[in-house]
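Report on one structure; see the data block that follows.
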Number of protein chains: 2
Amino acid sequence: MDAIDLSLVELLRGNARLSYAELARQVGLSAPAVHERVGKLESSGVIRAYRAEVEPESVGLAVTALIGIVEDSTADTDDVLEAFRRMPEIESCYFMAGVESFLLKARVGTIAELEQLIVRLNRTPGVASTRTGIALSTKWENRPQPIESSAS
Amino acid sequence: MDAIDLSLVELLRGNARLSYAELARQVGLSAPAVHERVGKLESSGVIRAYRAEVEPESVGLAVTALIGIVEDSTADTDDVLEAFRRMPEIESCYFMAGVESFLLKARVGTIAELEQLIVRLNRTPGVASTRTGIALSTKWENRPQPIESSAS
DNA sequence: CACTCTCCGTGGATGCGATCGACCTGAGCC
DNA sequence: GGCTCAGGTCGATCGCATCCACGGAGAGTG
C-alpha cells in the first residue's frame with residue numbers, strides 16, 4: 001500500500017467503472033502496471049467488491065429502518081448472527097458496544113413488511129428485545145471520504 | 001423499468017465492473033441494447049454511482065461510530081444538515097422519526113479523532129445533544145438484497 | 001565493488017469489448 | 001393501410017484489456 005495504491009483505491013471508490021487505461025493516466029503508470037496493482041488490491045482484500053449504488057425506491061425498497069438488538073442471557077452470539085444473515089432485508093449489521101449488542105440497517109418495501117421483520121427478529125432465539133427507528137429520508141449514504149496518506 | 005432493467009440493476013449491484021458484453025449475455029440482448037438501457041438507468045437516477053467497496057482498516061479508518069443527534073428548539077434543520085455535510089467523517093446521514101432527528105454513521109482513524117468529531121458535533125448550532133455508539137466490528141455492510149419484480 | 005536476485009515497471013502485439021450508424025420490426029394511432 | 005416512434009439487431013471501427021518478453025533499480029552477499 002503505497003501512495004499510488006491509495007490513489008487507485010480512491011479513484012475506484014469514486015467511480016468503480018473507470019477503465020485501467022484511464023486509471024493509468026490518472027496515476028501516471030502504464031495500463032498493465034495498474035492492472036496488476038488493482039488485481040493485488042482485490043486479492044489482498046483491500047478492495048472487497050464493486051457495486052452499483054441504486055436508488056432504493058426504484059427497486060421497491062421504500063422503507064429504511066435502524067434496529068437495535070438486545071440479547072438475552074442465553075444468547076449465542078454466533079447463532080444470532082447466523083439468523084440475521086439469513087434475513088435478506090438486513091443490509092448492514094454492526095456488533096456494538098453497549099446494551100444493544102447489534103445495530104441493523106434494514107430496507108423493506110412497506111411498513112407491513114417492516115412489522116413482519118420486527119416480529120421475526122423478536123422471535124429469534126437469543127434476542128431479548130428490539131428497538132426500531134424509522135428513517136424518514138436518507139440524506140446520503142456511503143459517501144467516500146478523502147484518504148489521508150497513512151496506512152499499512 | 002421492466003424485468004430486464006431489474007436484472008441489469010441486480011447484476012450491477014453484485015458486480016459493477018461487468019462488461020456490457022457480459023451483461024448482454026446474461027440478459028439475452030445485444031451489447032448496444034444493454035448499453036442504452038444502462039445509460040438510461042444512470043441518467044434517470046436509478047443507478048446513482050459505481051463504487052469500489054474497500055476494507056476500511058486498510059485505508060486508515062479503524063473506528064466506526066453511530067451517532068444520534070437531538071436538535072434544539074432553535075435548530076434550522078437545513079443548516080444543521082449543511083454543517084454535517086461539511087464533515088467528511090460522516091459517511092451516512094439519515095433523517096429519523098423520533099427524538100433524535102438524525103442518525104449518523106461516521107468513520108475515523110482513532111478514538112481521539114472520534115472524540116474531536118463528537119465535540120464538533122455538540123458545538124454545531126442547532127444540536128442539543130449527541131449519543132454515540134461504537135461499532136466493535138462490522139459484520140457486513142450494504143449487502144445487496146435480491147430484487148422482487150415490483151417497481152415503477 | 002561487482003554479481004545476482006527480485007520486484008516492479010515498460011512496450012508491443014493481439015483479440016475482445018465499447019460504441020456508432022444504418023437498418024428492421026411491431027405497437028399505437030390517424 | 002400508412003406514419004411514427006421506441007427499442008431492437010447487425011456490422012464496422014477504434015480503443016482497451018491482457019499477455020509476454022524485456023529492462024532497470026535496490027538489497028543482500030562474496
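The way I read the labels, and the way they are meant: chains A, B, ... in the order of the C-alpha cells, residue 1 as the first residue of every chain, and ligand 1 as the first ligand shown, with later ones counted on from there.
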I'd like a table as a tab-separated table: residues in chain B with an atom no more than 12 Å from chain D, each row giving the shortest atom pair and its distance in Å to one decimal, only C-alpha atoms (C1' of nucleotides) counted, sorted by chain and rising residue number.
```
residue	atom	partner	partner_atom	distance
B:Ser19	CA	D:DA17	C1'	11.4
B:Gly28	CA	D:DG8	C1'	11.9
B:Leu29	CA	D:DG8	C1'	8.6
B:Ser30	CA	D:DT9	C1'	7.3
B:Ala31	CA	D:DT9	C1'	9.9
B:Pro32	CA	D:DT9	C1'	9.0
B:Ala33	CA	D:DG8	C1'	7.0
B:Val34	CA	D:DG8	C1'	10.5
B:Glu36	CA	D:DG7	C1'	9.5
B:Arg37	CA	D:DG7	C1'	9.7
```
Check every residue of chain C for an atom within 10 Å of chain A, counting only C-alpha atoms (C1' of nucleotides), and provide those that qualify as a PDB file with C-alpha atoms (C1' of nucleotides), in the first residue's frame.
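Below is the file that was written, part.pdb:
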```
ATOM      1  C1'  DC C   8       8.123  -3.696 -10.484  1.00  0.00           C
ATOM      2  C1'  DG C   9       7.851  -1.446 -14.307  1.00  0.00           C
ATOM      3  C1'  DT C  10       7.570  -0.577 -19.768  1.00  0.00           C
ATOM      4  C1'  DG C  11       6.448  -1.508 -24.716  1.00  0.00           C
TER       5       DG C  11
END
```
Got a sec: who's within 7 Å of Gly14 (chain A), counting only C-alpha atoms (C1' of nucleotides), leaving out chain neighbours fewer than 3 positions off, as a PyMOL selection string?
(chain A and resi 10-11+144) or (chain B and resi 51)
Test item, strand (DSSP E) assignment across chain B, answer as a ChimeraX atom specification
/B:47-54,63-71,90-96,102-108,127-140
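Between CA of Arg25 (chain B) and CA of Leu8 (chain A) the interatomic distance comes to 29.3 Å.
One distance worth recording is that between CA of Arg131 (chain B) and CA of Ile111 (chain B), which is 15.2 Å.
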In region 1-78 of chain A, what's alpha helix (DSSP H) per DSSP? Answer as a PyMOL selection string?
chain A and resi 3-14+20-27+31-43+77-78
Tell me the residues of chain B close to chain A, meaning within 6 Å using only C-alpha atoms, as a ChimeraX atom specification.
/B:12-17,46-55,59-60,88,91-97,134-143,145,151
Can you pull out every residue within 12 Å of Val127 (chain A), counting only C-alpha atoms (C1' of nucleotides), but drop anything in the same chain fewer than 4 positions away, and send it as a PyMOL selection string?
chain A and resi 68-77+79-81+83-84+100-102+118-123+131
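For the pair CA of Gly39 (chain A) and CA of Ala3 (chain A), the separation is 16.3 Å.
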